[in-house]
Structure formats: structure tokens, C-alpha cells
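Heads up: the structure comes next, in C-alpha cells.
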Amino acid sequence: SHFALVMLDKFQKELAGLGYSITMHRVLTEELENRNLPTSFSPERTAGIVCVEMFDYEYDKMLCSMGLPILFVDTPVTRLEEPLEADVLSMDNQSGIYSFIKEMADRGKTSIGFIGEYMHCQSFFERYMAYRNAMYLMGLSCPDEYSIIRNKEGIRRPSSADYHGYLTESFQKLSKLPEVFICANDFIALDALQVLKKLGHSVPDDIYLCGFDDSPESRIVTPAFTTIHIHSQIMGFSAVNLLMSRINEPSLNYRTVHTETTLIYRESTEN
């Protein structure tokens, strides 16, 4: 139940009205490592490419060198690397977190942490930086131990069990849990909820949780998560606009577009 499913559905419908069809290709781990295109992909029959959650910077650079119009939906964290020569579509990863932290501070909840691998992708990085910036702007302390932003060390591709182990160790190291945790997405919030319950902590009685994405899981879990809703339909519509304008005007300056998100309060913060 990923936000991109709704986005791609809207994208496909809009493209069909313009006379284009869409083919989907999954890039396998071996193809990523060897910088190979999927065997099913035909550059000669391709007018443009949309990359959804392609977080390998070197592979993305290879795609950009092909001379085809490319749109990335989220990107790797470029840090000090050269920007990718492509348009980028993302969601607003900051406003909802700013509003949430201000609301928590207004309620007297000033001890706030963050969970999620901040270098996993640009969106996670922006969400983590929004958390730190909001804490600074509100004059709240931001202890490093409240930033649980990595994963199990020494494992190339940690599993869900590995991540649960990492969360367990991280929570147990804390002399005191913060009053609130902001999670990089709803699935990380689910992981955190499960681990906290195993350790004997109750959400929201002992600690508040906030996710991001407003996935269907965030609504049916107990307690339902406070989260930040991604408007997938407008992302699909924006993807068509960005890619078609690049196809029609290849010399345009590259653009990064953030679409609106909406903060939604639910039971995980006693709403």
C-alpha cells in the first residue's frame, strides 16, 4: 500500500489521454550493482522515464546520461554530489512536521525524537532536517540520543527483524524515552509501535507516535496513527506535467517540485 500506486494510476490515465502508454520495469539488485538496464527495457521505444524510489546515485547518473527525458519521484541523498540532470518530484516533507512540533510544544510535549534512516533517501533526509530545524526554531533541545537514524551495523541489507533488533537496542539505551517520536514514514512507525509494546510501553499513554504517508495501515492499526497525508493524485498529475514539458522542451532548466501534504491527527497522539 504505497503512495506511488495511486500516483502511477493517475499518471497512466493522464498519459493515455495524451496518446502515450506506460510500461513498468523493476530494476533488480544485480542490475543496480552492474549498472545494467532491465532486459525488458527498450530505449528506442521510450519517450521518457519516471523513476520511483531509485536511490542508487551512480545508477541514476547512468540513467541521466542516456539522453532521455527523466523524472525522479524522490531521489538519493545527493549531499555534496553533483545534482542529477533530471527533474524531481517530491512531496512537502517539512510543513507538516513544523506544524506537528509546534502543536506538541503547545501541549507541553517538549521532549521529541525522530526515528528513520535519514540517509535512505532525500525525503527521509528532508523530514529529519525539518524535525531538527523545527526543534531549533521552537527553542527545544534536540539530544542526539533521541535521533534513532541508522540501522543494524555490519549487514549489507538489514531485514525487518534486524531493524526491530536495532530499535530494541536503541530504545533500551535511553535513560528515558522522549514524550513523542516522529517517524520517517508509517511503516517505521509500525515497527516502532511493535518494539515499544514488546518493551512494555504504551502508545499513546507513555509516548506519542507520528508517522508520514497516511498509508491504509496507519488507519487500521491500534492506535491509529497521527500522520502526514501525501496527495498521490496531484503527484500523478504533476508527474505528467513535468515529464511532458521536458519531452516537448528538452532545454528547460531542471526543476524540483514539492506537492502539498496534510497533517492528520489520530489516536496515537490522543486525538
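By order of appearance in the C-alpha cells: chains A, B, ..., then residues from 1 within every chain, and ligands from 1 in the order shown.
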> Could you pull out all residues of segment 40-258 of chain A with a DSSP call of helix (DSSP H, G or I) and give them as a PyMOL selection string?
Replying inline: chain A and resi 43-45+57-64+95-106+122-137+144-146+160-173+186-198+216-220+232-248
>> So that I can check the surroundings of Gly67 of chain A, please list as number ranges by chain every protein, DNA and RNA residue that reaches within 12 Å of it, counting only C-alpha atoms and ignoring chain neighbours fewer than 4 positions away.
In response: A: 43-44, 46-49, 61-63, 85-86, 246-247, 250-251
>> Quick check for you: according to DSSP on this backbone, which residues of segment 173-259 of chain A are classed as strand (DSSP E or B)? Reply as a list of chain:residue names.
In response: A:Val180, A:Phe181, A:Ile182, A:Cys183, A:Tyr208, A:Leu209, A:Cys210, A:Asp213, A:Thr226, A:Thr227, A:Ile228, A:His229, A:Ile230, A:Thr256, A:Val257, A:His258, A:Thr259
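Atom CA of Asp206 of chain A lies 14.6 Å from atom CA of Thr222 of chain A.
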Near Glu145 of chain A, counting only C-alpha atoms, which residues have an atom at most 9 Å away, once you skip same-chain residues fewer than 4 positions from it, shown as a JSON list (two decimals) with N, CA, C and O atoms, in the first residue's frame?
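What follows is the written file part38.json:
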```json
[["chain", "number", "residue", "atom", "x", "y", "z"],
["A", 113, "GLY", "N", 11.67, 13.05, 19.69],
["A", 113, "GLY", "CA", 12.72, 12.37, 18.96],
["A", 113, "GLY", "C", 12.30, 12.03, 17.54],
["A", 113, "GLY", "O", 11.16, 12.29, 17.13],
["A", 170, "SER", "N", 18.30, 0.46, 20.61],
["A", 170, "SER", "CA", 18.31, 1.93, 20.71],
["A", 170, "SER", "C", 17.39, 2.41, 21.83],
["A", 170, "SER", "O", 17.76, 3.31, 22.60],
["A", 173, "LYS", "N", 18.85, 1.68, 25.32],
["A", 173, "LYS", "CA", 19.99, 2.51, 25.70],
["A", 173, "LYS", "C", 19.56, 3.84, 26.31],
["A", 173, "LYS", "O", 20.34, 4.50, 27.00],
["A", 174, "LEU", "N", 18.33, 4.25, 26.04],
["A", 174, "LEU", "CA", 17.86, 5.54, 26.52],
["A", 174, "LEU", "C", 17.57, 5.47, 28.02],
["A", 174, "LEU", "O", 16.89, 4.55, 28.49]]
```
> Could you pull the residues within 10 Å of His25 of chain A, counting only C-alpha atoms, minus those fewer than 5 positions along the same chain, as a count of residues only?
Replying inline: 6
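Each of A:Ile230, A:Met7, A:Ala184, A:Ala161 was compared to Met129 of chain A using only C-alpha atoms, and A:Ala184 turns out to be the nearest.
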>> Neighbouring residues of Ser238 of chain A were defined as those with any atom within 12 Å, considering only C-alpha atoms; residues of the same chain fewer than 6 positions away were excluded. Please report them as an MDAnalysis selection string.
In response: chainID A and resid 7:8 10:11 14:15 50 71:73 87:91 231:232 244:245 255:260
>> Just to confirm, what's the straight-line distance from atom CA of Gly165 of chain A to atom CA of Pro143 of chain A in Å (one decimal)?
In response: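 A separation of 21.8 Å between them.
Residue nearest Val195 of chain A within the list A:Arg219, A:His229, A:Arg35, A:His164: A:His164 [criterion: smallest interatomic distance, only C-alpha atoms].
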> Quick one: residues within 7 Å of Phe181 of chain A, only C-alpha atoms counted, chain neighbours fewer than 5 positions away excluded, as a list in words?
Replying inline: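 The filter keeps Ile112, Gly113, Phe114, Ile115, Tyr208, Leu209 and Cys210 of chain A.
For segment 76-84 of chain A, the non-local neighbours within 9 Å, defined as residues at least 3 positions apart in the same chain or in other chains and counting only C-alpha atoms, are Glu53, Met54, Phe55, Asp56, Tyr57, Asp60, Lys61, Cys64, Asp87, Val88, Tyr118, Met119, His120, Cys121, Gln122, Ser123, Phe124 and Phe125 of chain A.
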Selected residues written out with N, CA and C atoms, as a tab-separated table (two decimals), in the first residue's frame:
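Generated file (selection-v6.tsv):
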```
chain	number	residue	atom	x	y	z
A	53	GLU	N	11.50	5.89	-6.50
A	53	GLU	CA	12.34	5.37	-5.42
A	53	GLU	C	13.58	4.65	-5.95
A	54	MET	N	14.28	5.30	-6.86
A	54	MET	CA	15.57	4.80	-7.34
A	54	MET	C	16.66	5.53	-6.55
A	55	PHE	N	17.19	4.87	-5.52
A	55	PHE	CA	18.04	5.54	-4.55
A	55	PHE	C	19.52	5.20	-4.68
A	56	ASP	N	19.92	4.68	-5.84
A	56	ASP	CA	21.34	4.42	-6.12
A	56	ASP	C	21.87	5.55	-6.99
A	57	TYR	N	22.70	6.41	-6.41
A	57	TYR	CA	23.13	7.63	-7.10
A	57	TYR	C	23.88	7.32	-8.39
A	60	ASP	N	21.51	6.17	-11.04
A	60	ASP	CA	20.71	7.29	-11.51
A	60	ASP	C	21.51	8.18	-12.47
A	61	LYS	N	22.79	8.38	-12.17
A	61	LYS	CA	23.64	9.14	-13.09
A	61	LYS	C	23.73	8.45	-14.44
A	64	CYS	N	20.66	9.17	-16.36
A	64	CYS	CA	20.64	10.55	-16.86
A	64	CYS	C	21.54	10.74	-18.08
A	87	ASP	N	14.51	16.28	-13.80
A	87	ASP	CA	13.50	16.91	-12.95
A	87	ASP	C	13.20	15.98	-11.77
A	88	VAL	N	12.76	16.57	-10.67
A	88	VAL	CA	12.49	15.81	-9.44
A	88	VAL	C	11.11	16.20	-8.92
A	118	TYR	N	17.92	8.41	8.03
A	118	TYR	CA	17.84	9.72	7.38
A	118	TYR	C	18.60	9.79	6.06
A	119	MET	N	19.55	8.87	5.82
A	119	MET	CA	20.27	8.87	4.56
A	119	MET	C	19.69	7.87	3.56
A	120	HIS	N	18.53	7.30	3.87
A	120	HIS	CA	17.90	6.33	2.97
A	120	HIS	C	17.50	6.99	1.65
A	121	CYS	N	16.95	8.18	1.72
A	121	CYS	CA	16.50	8.89	0.52
A	121	CYS	C	16.35	10.36	0.85
A	122	GLN	N	16.16	11.18	-0.19
A	122	GLN	CA	16.05	12.61	0.02
A	122	GLN	C	14.86	12.98	0.88
A	123	SER	N	13.74	12.28	0.71
A	123	SER	CA	12.55	12.59	1.51
A	123	SER	C	12.79	12.35	3.00
A	124	PHE	N	13.41	11.22	3.34
A	124	PHE	CA	13.72	10.96	4.74
A	124	PHE	C	14.67	12.01	5.28
A	125	PHE	N	15.66	12.39	4.46
A	125	PHE	CA	16.62	13.42	4.87
A	125	PHE	C	15.91	14.74	5.15
```
